[in-house]
Every structure is written in C-alpha cells, then in structure tokens.
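See structure below.
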Amino acid sequence: MVNGIERPLDLLNQSKGKEILVQLKSDKQLVGTLLAFDIHINIVLDNAKEMQSNEVKRSIGLTFLRGDTIVFISPASTALKEEK
Amino acid sequence: MVNGIERPLDLLNQSKGKEILVQLKSDKQLVGTLLAFDIHINIVLDNAKEMQSNEVKRSIGLTFLRGDTIVFISPASTALKEEK
Amino acid sequence: MVNGIERPLDLLNQSKGKEILVQLKSDKQLVGTLLAFDIHINIVLDNAKEMQSNEVKRSIGLTFLRGDTIVFISPASTALKEEK
Amino acid sequence: MVNGIERPLDLLNQSKGKEILVQLKSDKQLVGTLLAFDIHINIVLDNAKEMQSNEVKRSIGLTFLRGDTIVFISPASTALKEEK
Amino acid sequence: MVNGIERPLDLLNQSKGKEILVQLKSDKQLVGTLLAFDIHINIVLDNAKEMQSNEVKRSIGLTFLRGDTIVFISPASTALKEEK
Amino acid sequence: MVNGIERPLDLLNQSKGKEILVQLKSDKQLVGTLLAFDIHINIVLDNAKEMQSNEVKRSIGLTFLRGDTIVFISPASTALKEEK
Amino acid sequence: MVNGIERPLDLLNQSKGKEILVQLKSDKQLVGTLLAFDIHINIVLDNAKEMQSNEVKRSIGLTFLRGDTIVFISPASTALKEEK
C-alpha cells in the first residue's frame, strides 16, 4: 500500500479521486473526494461534509480548503471505513 | 461539476460572479458574491453578509477579506441552498 | 458599484478618501477615512474611532494599522450607514 | 493634518520625535516618544510607559518593541490628549 | 546510538521505516511508521494511531501530517517501548 | 541618552553588556545581561532570571532566547532600577 | 564563561554535547543532551525528558524538536544544577 511514497506530497498525489479525512486545527474534520492540491497544501474537495465527533454536521459540497488550517490528511482512516 | 479543476485556485476562478460561503478561523461565516481573489486568497465579496449559526448578523456590502483569516470557501454549500 | 474590481486591492484603491469599517482579529472594529495602504494591507486611517458592539469606545484620530491584525475591510457596511 | 501621507510608513516618519500610542495584541498599550522604526514596524520609544485601562502600570524608559506585537500606532489619540 | 547525527534532519532520515512518536501542538499525539518527510517537516506515517493520555483514540492508517503542527518527533520514546 | 539611535537595532547594539528587561508574549519576563543578538532578535542573556509579577522565579544563567517570543526589550526599565 | 559568544547561535554551538534546558511555548520543558541544531533552531536532544513543574513526566529518549515551539534554551539553568 505504501509503494511509491518517497516524498510527503506523493501520498496526496496517490489520493486524487479518493475519499480522504482532513483534520483541521479547530476540532472540526472534513470528509470528501480529493480533486486537487498545491504545495501550500491548499486542497479542493468534492462532496465535502463537515464532521464533529464522527457525525455529519453540514454538507458543503465542492470546497476550497486553505492548507494552513490542516493538521493531517488521511486517505485510509478507520473513520472513513466505519462510515461505509 | 468538477470539470477543469486541476489546481485549487481553479475552483475560485470558476466561482467568480457566484455566491460563495466563506468559513473564517473565528466561528463567523461570510456569504456573498465573489468578485476577485489573489494568490494570498485575499478576496472581494459583493453584497456580503456576516452569519453566525446560519443567521444573518450584519450586512457589510462590498468587502475586502484577508486570505489568512479563511478556513474554507464553498460555492456549493447546502447552507447556501437552504437560504434560497 | 463593482466596476473595475479585478484584483482585491482595487477595492482598497477605490476606497481612498472614503469612510471604511475595519474588522480586527480581536473583536474590535475601527471606523475611519482610508488615507493609504500597502501590499501588506497596512493602512492609515484618519479620524479613526475604535468600536465594540456598534458603540464608539475611543477616538484615536490619525492611525497606522498593521495589516496582519485585519479580518475584513468594508467601505459599504450597513454599520457605517446606520451611523449617519 | 494628513498632507504627505501616500504610504502607511509616511505616518510613522512624520511621527518621529512625537508622543505616540501603541496598541499591542495583548490588551496592553505603550505610550512614548517615537525615536526610530524599520520596515518590520519594529520601533524604539523613549520615556515609554506601559498602560492598561488608561492607567500607567509601569515606566519602562527607552524601549525596543517588536513589530509583530503591534495592532495600531496613533500619534493623535484622544488617550494622549486626555493625559495632558 | 547517536552516531551520524550532525544536522537535525539526520535523525528523521535514520528513523525512516521505524515507529515514531509525534507530539502535536494540540495535546494529541500520533504514533506510526515514518515513510517520508520534507524540509518543512511534513511527514507521512503508515499505520498511524491518534493517542491521548497514552490511549489509542483512533486508527487513521496512512497519513500526511503538516510540519507546522508538530512539537517533537521521537523514535525512541518510552511511550513507544511501553506499548510493546 | 537617545543619541545615535537611527534604526531600532541601534538600541540593542548600545545595550550590549548591560542589564536589560525582556517582556515575553507569555506574561513572563527575563532580566539579564545582553551578550549578543541577530536580525531575528534572537538574543543571548548572561545571568538570566525568569520573573513573574516582579519576583524572581528561577535563575536560568546563560540563555538563548528566540526572537519571536519577545514583546519588548528595555535597557532602562524602572523594574530594573527598583531591583538595585 | 561567556567568551566567544558574538552571535546567538555561538551559544548553541558551545552547548553541543552538554545537557540543556529547553522551555517550550506550551508550559512544558525538555531536558536533554544537545546533539545538533540548525538555523531554524530545530534541535536534536539525546536522553530527552519531558518535565512539568520541575518533575520528570516522561522519558522520550532521542528527540527531534521543532524550533518554532521553543522560547529559550539554557545550558546553565539552576533547574539543571538542582537535578544533580
């Protein structure tokens, strides 16, 4: 699963088109499909949902997210698996 | 809906002239029509309204917003759809 | 009203000599006449007044304001219209 | 009074040798005579006094103040006028 | 044990493929296998677990972590040894 | 006393070898003899003491202090005079 | 004791291989042997211990510490002397 990750951004590149969990510096989380990112870790999510304590709080759809608000990005979180 | 988004700023470019939801690092949100943005994600909104807990708190009209106060920008939020 | 705003700083340029509302990252606001600004969004206001909860707290006259303390700048806020 | 202010730093330049009020990001304020400043808005004050709620808390004399702790600088604050 | 560490990043380089403890600026910690890092100390962890007060709170699997959220990284923490 | 201060760093240069008061962004203060500084306002103090509410809390001796934690540096504080 | 300190980093250079006290922006402190540092004040400590209120809370061994979390670094703190 971890083949081809030599630099941190390689993981984001592999995650394009897939559902990811984004933990924000506030306690909120966003879940959505990763469409694009840049070197500032600004990202665009499709079908984004704002979550708090594992519950969907709000659907925000197509969303631009500033990189400096992010703690971590996980394409493989159990939080994502549990949802399905 | 997501055609043509290769870089995060492409979404902002597509959203010019449309109503967007802007989530600030404080818990406030601004809703307004996106007129302009730059690489710092400084933006100008027309007919901007300051919202808290989905209620309009204040009309602030034409507004310059500093990029470093922004968490996310959504042109497709259900919060926007519910208002109409 | 929005003619000629292609980049965010165009709005500040159009607002020179006019009264603006400046929302700070602290909950304070300044109201005053915009005299000058630079690319860091450092600004100079004339006849500046510090406001909190829509009340004038202090007259601070001619004032230099650091850009990194600003959330938004509005030349057309209803807060300004209500005052007149 | 506002002649010659084309850029924000022009106001600081005009204020050299004069008493200024400096509002810090903490709620403290410094009052003192502006001796020098640089592009980071680092400043040197002479006869500086630390104030809180309009009362002198401490005399700190000749003082170097880091620019990134400043909200605004006012050479014409009523707070200064009331003191005299 | 400390051979070959002339610059701070040498320790991260030696820790590739090993389990590390990452203390975040929030009180949370992540434990996982270090796969990659860059000069911003952005890192990728495999089999990452979010911990609080030495208890596993959530499995987040393969994870990209922004460098500016990190306090310290320890490949040799007793917290790791106690777990085994 | 203020001769020769054209730029803010001139004050730090004049204060080398003298006792200074350093106010930190936390409410703590350090008092010590200034040995060295750089353009980031990183400084080295000798015989440094950590103070809170004008009382010595801890002697920390020779100390490297990061510039981004500093609010102001005063070589002439009455806090220093009162101590002697 | 202070010979040879012309620039702040000279103190860190002299402290390599010695035990140092590192005060973090959070109220925590780390004590350990300084192995390496860079211009961002990122450091590597050997035998690092996390302390709070002068008590060892956790042994974290060999540790990479981000520079932007540091307030001060003291190779000569009485806190260190008292421990021995």
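Going by the structure tokens order, chains are called A, B, ..., each with residues numbered from 1, while ligands are numbered from 1 in the order shown.
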
Closest-contact table, stretch 37-74 of chain A side, partner stretch 63-82 of chain B, 6 Å, counting only C-alpha atoms, as CSV:
residue,atom,partner,partner_atom,distance
A:Ser59,CA,B:Thr78,CA,5.7
A:Ile60,CA,B:Ser77,CA,3.8
A:Gly61,CA,B:Ala76,CA,5.2
A:Leu62,CA,B:Ala76,CA,5.7
A:Thr63,CA,B:Ser74,CA,4.4
A:Phe64,CA,B:Ile73,CA,5.1
A:Leu65,CA,B:Phe72,CA,4.4
A:Arg66,CA,B:Val71,CA,5.7

Mind dumping the selected residues with N, CA, C and O atoms as an mmCIF file, in the first residue's frame?
data_model
loop_
_atom_site.group_PDB
_atom_site.id
_atom_site.type_symbol
_atom_site.label_atom_id
_atom_site.label_comp_id
_atom_site.auth_asym_id
_atom_site.auth_seq_id
_atom_site.Cartn_x
_atom_site.Cartn_y
_atom_site.Cartn_z
ATOM 1 N N SER A 59 -23.372 19.567 4.930
ATOM 2 C CA SER A 59 -22.825 19.256 3.611
ATOM 3 C C SER A 59 -22.375 20.556 2.970
ATOM 4 O O SER A 59 -23.154 21.523 2.912
ATOM 5 N N ILE A 60 -21.113 20.614 2.527
ATOM 6 C CA ILE A 60 -20.644 21.864 1.934
ATOM 7 C C ILE A 60 -20.219 21.689 0.481
ATOM 8 O O ILE A 60 -19.726 22.613 -0.139
ATOM 9 N N GLY A 61 -20.425 20.472 -0.046
ATOM 10 C CA GLY A 61 -20.203 20.251 -1.477
ATOM 11 C C GLY A 61 -18.780 20.518 -1.927
ATOM 12 O O GLY A 61 -17.817 20.209 -1.234
ATOM 13 N N LEU A 62 -18.650 21.098 -3.114
ATOM 14 C CA LEU A 62 -17.352 21.416 -3.689
ATOM 15 C C LEU A 62 -16.708 22.519 -2.841
ATOM 16 O O LEU A 62 -17.308 23.584 -2.643
ATOM 17 N N THR A 63 -15.470 22.298 -2.334
ATOM 18 C CA THR A 63 -14.898 23.205 -1.329
ATOM 19 C C THR A 63 -13.407 23.412 -1.522
ATOM 20 O O THR A 63 -12.660 22.453 -1.730
ATOM 21 N N PHE A 64 -12.982 24.683 -1.433
ATOM 22 C CA PHE A 64 -11.567 25.049 -1.408
ATOM 23 C C PHE A 64 -11.164 25.186 0.052
ATOM 24 O O PHE A 64 -11.779 25.950 0.802
ATOM 25 N N LEU A 65 -10.077 24.475 0.468
ATOM 26 C CA LEU A 65 -9.650 24.475 1.866
ATOM 27 C C LEU A 65 -8.207 24.988 1.949
ATOM 28 O O LEU A 65 -7.324 24.466 1.273
ATOM 29 N N ARG A 66 -7.987 26.002 2.780
ATOM 30 C CA ARG A 66 -6.627 26.554 2.933
ATOM 31 C C ARG A 66 -5.715 25.588 3.662
ATOM 32 O O ARG A 66 -6.053 25.077 4.743
#

Residues of stretch 4-84 of chain A in strand (DSSP E or B), written as a PDB file with N, CA, C and O atoms, in the first residue's frame:
ATOM      1  N   GLU A  19     -11.668   9.250  -1.465  1.00  0.00           N
ATOM      2  CA  GLU A  19     -12.214   9.926  -0.289  1.00  0.00           C
ATOM      3  C   GLU A  19     -11.121  10.060   0.780  1.00  0.00           C
ATOM      4  O   GLU A  19     -10.369   9.122   1.035  1.00  0.00           O
ATOM      5  N   ILE A  20     -11.005  11.250   1.359  1.00  0.00           N
ATOM      6  CA  ILE A  20      -9.996  11.488   2.400  1.00  0.00           C
ATOM      7  C   ILE A  20     -10.665  12.113   3.625  1.00  0.00           C
ATOM      8  O   ILE A  20     -11.732  12.724   3.536  1.00  0.00           O
ATOM      9  N   LEU A  21      -9.984  11.929   4.766  1.00  0.00           N
ATOM     10  CA  LEU A  21     -10.374  12.598   6.005  1.00  0.00           C
ATOM     11  C   LEU A  21      -9.378  13.729   6.245  1.00  0.00           C
ATOM     12  O   LEU A  21      -8.166  13.500   6.212  1.00  0.00           O
ATOM     13  N   VAL A  22      -9.864  14.957   6.487  1.00  0.00           N
ATOM     14  CA  VAL A  22      -8.984  16.089   6.753  1.00  0.00           C
ATOM     15  C   VAL A  22      -9.261  16.601   8.169  1.00  0.00           C
ATOM     16  O   VAL A  22     -10.370  17.041   8.478  1.00  0.00           O
ATOM     17  N   GLN A  23      -8.254  16.501   9.028  1.00  0.00           N
ATOM     18  CA  GLN A  23      -8.387  17.016  10.397  1.00  0.00           C
ATOM     19  C   GLN A  23      -7.926  18.475  10.412  1.00  0.00           C
ATOM     20  O   GLN A  23      -6.811  18.780  10.015  1.00  0.00           O
ATOM     21  N   LEU A  24      -8.807  19.385  10.867  1.00  0.00           N
ATOM     22  CA  LEU A  24      -8.457  20.801  10.924  1.00  0.00           C
ATOM     23  C   LEU A  24      -7.892  21.186  12.294  1.00  0.00           C
ATOM     24  O   LEU A  24      -8.081  20.459  13.274  1.00  0.00           O
ATOM     25  N   GLN A  29     -13.564  18.296  11.344  1.00  0.00           N
ATOM     26  CA  GLN A  29     -12.990  17.463  10.302  1.00  0.00           C
ATOM     27  C   GLN A  29     -13.832  17.616   9.038  1.00  0.00           C
ATOM     28  O   GLN A  29     -15.030  17.853   9.117  1.00  0.00           O
ATOM     29  N   LEU A  30     -13.162  17.486   7.901  1.00  0.00           N
ATOM     30  CA  LEU A  30     -13.875  17.442   6.626  1.00  0.00           C
ATOM     31  C   LEU A  30     -13.625  16.075   5.993  1.00  0.00           C
ATOM     32  O   LEU A  30     -12.515  15.554   6.043  1.00  0.00           O
ATOM     33  N   VAL A  31     -14.664  15.506   5.400  1.00  0.00           N
ATOM     34  CA  VAL A  31     -14.536  14.282   4.617  1.00  0.00           C
ATOM     35  C   VAL A  31     -15.003  14.614   3.206  1.00  0.00           C
ATOM     36  O   VAL A  31     -16.022  15.302   3.036  1.00  0.00           O
ATOM     37  N   GLY A  32     -14.253  14.163   2.190  1.00  0.00           N
ATOM     38  CA  GLY A  32     -14.660  14.439   0.817  1.00  0.00           C
ATOM     39  C   GLY A  32     -13.690  13.803  -0.163  1.00  0.00           C
ATOM     40  O   GLY A  32     -12.689  13.199   0.237  1.00  0.00           O
ATOM     41  N   THR A  33     -13.983  13.957  -1.459  1.00  0.00           N
ATOM     42  CA  THR A  33     -13.133  13.385  -2.506  1.00  0.00           C
ATOM     43  C   THR A  33     -12.081  14.418  -2.922  1.00  0.00           C
ATOM     44  O   THR A  33     -12.426  15.532  -3.311  1.00  0.00           O
ATOM     45  N   LEU A  34     -10.798  14.040  -2.849  1.00  0.00           N
ATOM     46  CA  LEU A  34      -9.710  14.972  -3.180  1.00  0.00           C
ATOM     47  C   LEU A  34      -9.634  15.200  -4.693  1.00  0.00           C
ATOM     48  O   LEU A  34      -9.396  14.262  -5.460  1.00  0.00           O
ATOM     49  N   LEU A  35      -9.829  16.443  -5.113  1.00  0.00           N
ATOM     50  CA  LEU A  35      -9.742  16.758  -6.554  1.00  0.00           C
ATOM     51  C   LEU A  35      -8.411  17.383  -6.928  1.00  0.00           C
ATOM     52  O   LEU A  35      -7.876  17.131  -8.004  1.00  0.00           O
ATOM     53  N   ALA A  36      -7.868  18.247  -6.043  1.00  0.00           N
ATOM     54  CA  ALA A  36      -6.640  18.973  -6.400  1.00  0.00           C
ATOM     55  C   ALA A  36      -5.941  19.437  -5.146  1.00  0.00           C
ATOM     56  O   ALA A  36      -6.569  19.596  -4.094  1.00  0.00           O
ATOM     57  N   PHE A  37      -4.614  19.668  -5.232  1.00  0.00           N
ATOM     58  CA  PHE A  37      -3.846  20.257  -4.128  1.00  0.00           C
ATOM     59  C   PHE A  37      -2.675  21.010  -4.712  1.00  0.00           C
ATOM     60  O   PHE A  37      -2.319  20.824  -5.880  1.00  0.00           O
ATOM     61  N   ILE A  43      -6.283  22.555  -0.736  1.00  0.00           N
ATOM     62  CA  ILE A  43      -6.882  21.428  -1.443  1.00  0.00           C
ATOM     63  C   ILE A  43      -8.301  21.771  -1.889  1.00  0.00           C
ATOM     64  O   ILE A  43      -8.930  22.677  -1.350  1.00  0.00           O
ATOM     65  N   VAL A  44      -8.785  21.031  -2.891  1.00  0.00           N
ATOM     66  CA  VAL A  44     -10.195  21.105  -3.276  1.00  0.00           C
ATOM     67  C   VAL A  44     -10.816  19.736  -3.049  1.00  0.00           C
ATOM     68  O   VAL A  44     -10.280  18.709  -3.483  1.00  0.00           O
ATOM     69  N   LEU A  45     -11.927  19.737  -2.317  1.00  0.00           N
ATOM     70  CA  LEU A  45     -12.692  18.515  -2.054  1.00  0.00           C
ATOM     71  C   LEU A  45     -14.019  18.579  -2.788  1.00  0.00           C
ATOM     72  O   LEU A  45     -14.634  19.642  -2.874  1.00  0.00           O
ATOM     73  N   ASP A  46     -14.478  17.432  -3.289  1.00  0.00           N
ATOM     74  CA  ASP A  46     -15.838  17.343  -3.837  1.00  0.00           C
ATOM     75  C   ASP A  46     -16.706  16.604  -2.833  1.00  0.00           C
ATOM     76  O   ASP A  46     -16.223  15.761  -2.076  1.00  0.00           O
ATOM     77  N   ASN A  47     -17.982  16.944  -2.806  1.00  0.00           N
ATOM     78  CA  ASN A  47     -18.929  16.290  -1.884  1.00  0.00           C
ATOM     79  C   ASN A  47     -18.443  16.352  -0.440  1.00  0.00           C
ATOM     80  O   ASN A  47     -18.552  15.376   0.318  1.00  0.00           O
ATOM     81  N   ALA A  48     -17.892  17.508  -0.060  1.00  0.00           N
ATOM     82  CA  ALA A  48     -17.327  17.634   1.289  1.00  0.00           C
ATOM     83  C   ALA A  48     -18.423  17.709   2.344  1.00  0.00           C
ATOM     84  O   ALA A  48     -19.493  18.278   2.125  1.00  0.00           O
ATOM     85  N   LYS A  49     -18.124  17.068   3.473  1.00  0.00           N
ATOM     86  CA  LYS A  49     -19.021  17.119   4.626  1.00  0.00           C
ATOM     87  C   LYS A  49     -18.200  17.544   5.836  1.00  0.00           C
ATOM     88  O   LYS A  49     -17.101  17.057   6.057  1.00  0.00           O
ATOM     89  N   GLU A  50     -18.767  18.450   6.625  1.00  0.00           N
ATOM     90  CA  GLU A  50     -18.113  18.881   7.859  1.00  0.00           C
ATOM     91  C   GLU A  50     -18.576  17.954   8.968  1.00  0.00           C
ATOM     92  O   GLU A  50     -19.773  17.716   9.121  1.00  0.00           O
ATOM     93  N   MET A  51     -17.612  17.439   9.737  1.00  0.00           N
ATOM     94  CA  MET A  51     -17.961  16.471  10.772  1.00  0.00           C
ATOM     95  C   MET A  51     -17.428  16.935  12.128  1.00  0.00           C
ATOM     96  O   MET A  51     -16.415  17.606  12.210  1.00  0.00           O
ATOM     97  N   GLN A  52     -18.111  16.569  13.160  1.00  0.00           N
ATOM     98  CA  GLN A  52     -17.621  16.812  14.517  1.00  0.00           C
ATOM     99  C   GLN A  52     -18.050  15.618  15.364  1.00  0.00           C
ATOM    100  O   GLN A  52     -19.224  15.218  15.323  1.00  0.00           O
ATOM    101  N   GLU A  55     -19.938  12.780  13.535  1.00  0.00           N
ATOM    102  CA  GLU A  55     -21.264  12.991  12.958  1.00  0.00           C
ATOM    103  C   GLU A  55     -21.208  14.082  11.891  1.00  0.00           C
ATOM    104  O   GLU A  55     -20.500  15.077  12.051  1.00  0.00           O
ATOM    105  N   VAL A  56     -21.976  13.875  10.800  1.00  0.00           N
ATOM    106  CA  VAL A  56     -22.052  14.881   9.745  1.00  0.00           C
ATOM    107  C   VAL A  56     -22.806  16.103  10.279  1.00  0.00           C
ATOM    108  O   VAL A  56     -23.930  15.978  10.763  1.00  0.00           O
ATOM    109  N   LYS A  57     -22.140  17.279  10.237  1.00  0.00           N
ATOM    110  CA  LYS A  57     -22.792  18.489  10.720  1.00  0.00           C
ATOM    111  C   LYS A  57     -23.397  19.307   9.581  1.00  0.00           C
ATOM    112  O   LYS A  57     -24.353  20.036   9.757  1.00  0.00           O
ATOM    113  N   ARG A  58     -22.786  19.222   8.403  1.00  0.00           N
ATOM    114  CA  ARG A  58     -23.187  20.098   7.315  1.00  0.00           C
ATOM    115  C   ARG A  58     -22.605  19.573   6.016  1.00  0.00           C
ATOM    116  O   ARG A  58     -21.438  19.190   5.986  1.00  0.00           O
ATOM    117  N   SER A  59     -23.372  19.567   4.930  1.00  0.00           N
ATOM    118  CA  SER A  59     -22.825  19.256   3.611  1.00  0.00           C
ATOM    119  C   SER A  59     -22.375  20.556   2.970  1.00  0.00           C
ATOM    120  O   SER A  59     -23.154  21.523   2.912  1.00  0.00           O
ATOM    121  N   ILE A  60     -21.113  20.614   2.527  1.00  0.00           N
ATOM    122  CA  ILE A  60     -20.644  21.864   1.934  1.00  0.00           C
ATOM    123  C   ILE A  60     -20.219  21.689   0.481  1.00  0.00           C
ATOM    124  O   ILE A  60     -19.726  22.613  -0.139  1.00  0.00           O
ATOM    125  N   GLY A  61     -20.425  20.472  -0.046  1.00  0.00           N
ATOM    126  CA  GLY A  61     -20.203  20.251  -1.477  1.00  0.00           C
ATOM    127  C   GLY A  61     -18.780  20.518  -1.927  1.00  0.00           C
ATOM    128  O   GLY A  61     -17.817  20.209  -1.234  1.00  0.00           O
ATOM    129  N   LEU A  62     -18.650  21.098  -3.114  1.00  0.00           N
ATOM    130  CA  LEU A  62     -17.352  21.416  -3.689  1.00  0.00           C
ATOM    131  C   LEU A  62     -16.708  22.519  -2.841  1.00  0.00           C
ATOM    132  O   LEU A  62     -17.308  23.584  -2.643  1.00  0.00           O
ATOM    133  N   THR A  63     -15.470  22.298  -2.334  1.00  0.00           N
ATOM    134  CA  THR A  63     -14.898  23.205  -1.329  1.00  0.00           C
ATOM    135  C   THR A  63     -13.407  23.412  -1.522  1.00  0.00           C
ATOM    136  O   THR A  63     -12.660  22.453  -1.730  1.00  0.00           O
ATOM    137  N   PHE A  64     -12.982  24.683  -1.433  1.00  0.00           N
ATOM    138  CA  PHE A  64     -11.567  25.049  -1.408  1.00  0.00           C
ATOM    139  C   PHE A  64     -11.164  25.186   0.052  1.00  0.00           C
ATOM    140  O   PHE A  64     -11.779  25.950   0.802  1.00  0.00           O
ATOM    141  N   LEU A  65     -10.077  24.475   0.468  1.00  0.00           N
ATOM    142  CA  LEU A  65      -9.650  24.475   1.866  1.00  0.00           C
ATOM    143  C   LEU A  65      -8.207  24.988   1.949  1.00  0.00           C
ATOM    144  O   LEU A  65      -7.324  24.466   1.273  1.00  0.00           O
ATOM    145  N   ILE A  70      -4.874  22.934   8.213  1.00  0.00           N
ATOM    146  CA  ILE A  70      -4.891  21.460   8.243  1.00  0.00           C
ATOM    147  C   ILE A  70      -3.877  20.897   9.240  1.00  0.00           C
ATOM    148  O   ILE A  70      -2.752  21.377   9.306  1.00  0.00           O
ATOM    149  N   VAL A  71      -4.281  19.872  10.003  1.00  0.00           N
ATOM    150  CA  VAL A  71      -3.345  19.103  10.825  1.00  0.00           C
ATOM    151  C   VAL A  71      -2.883  17.866  10.055  1.00  0.00           C
ATOM    152  O   VAL A  71      -1.705  17.683   9.815  1.00  0.00           O
ATOM    153  N   PHE A  72      -3.825  16.997   9.683  1.00  0.00           N
ATOM    154  CA  PHE A  72      -3.421  15.832   8.896  1.00  0.00           C
ATOM    155  C   PHE A  72      -4.482  15.458   7.876  1.00  0.00           C
ATOM    156  O   PHE A  72      -5.640  15.876   7.974  1.00  0.00           O
ATOM    157  N   ILE A  73      -4.065  14.696   6.880  1.00  0.00           N
ATOM    158  CA  ILE A  73      -4.921  14.208   5.790  1.00  0.00           C
ATOM    159  C   ILE A  73      -4.728  12.706   5.715  1.00  0.00           C
ATOM    160  O   ILE A  73      -3.607  12.239   5.546  1.00  0.00           O
ATOM    161  N   SER A  74      -5.826  11.960   5.834  1.00  0.00           N
ATOM    162  CA  SER A  74      -5.705  10.507   5.820  1.00  0.00           C
ATOM    163  C   SER A  74      -6.650   9.890   4.802  1.00  0.00           C
ATOM    164  O   SER A  74      -7.867  10.045   4.900  1.00  0.00           O
TER     165      SER A  74
END

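All residues in stretch 10-77 of chain C with a DSSP state of alpha helix (DSSP H), computed from the backbone, read C:Asp10, C:Leu11, C:Leu12, C:Asn13, C:Gln14.
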
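Across the structure, atom CA of E:Arg7 and atom CA of G:Asp38 are spaced 6.6 Å apart.
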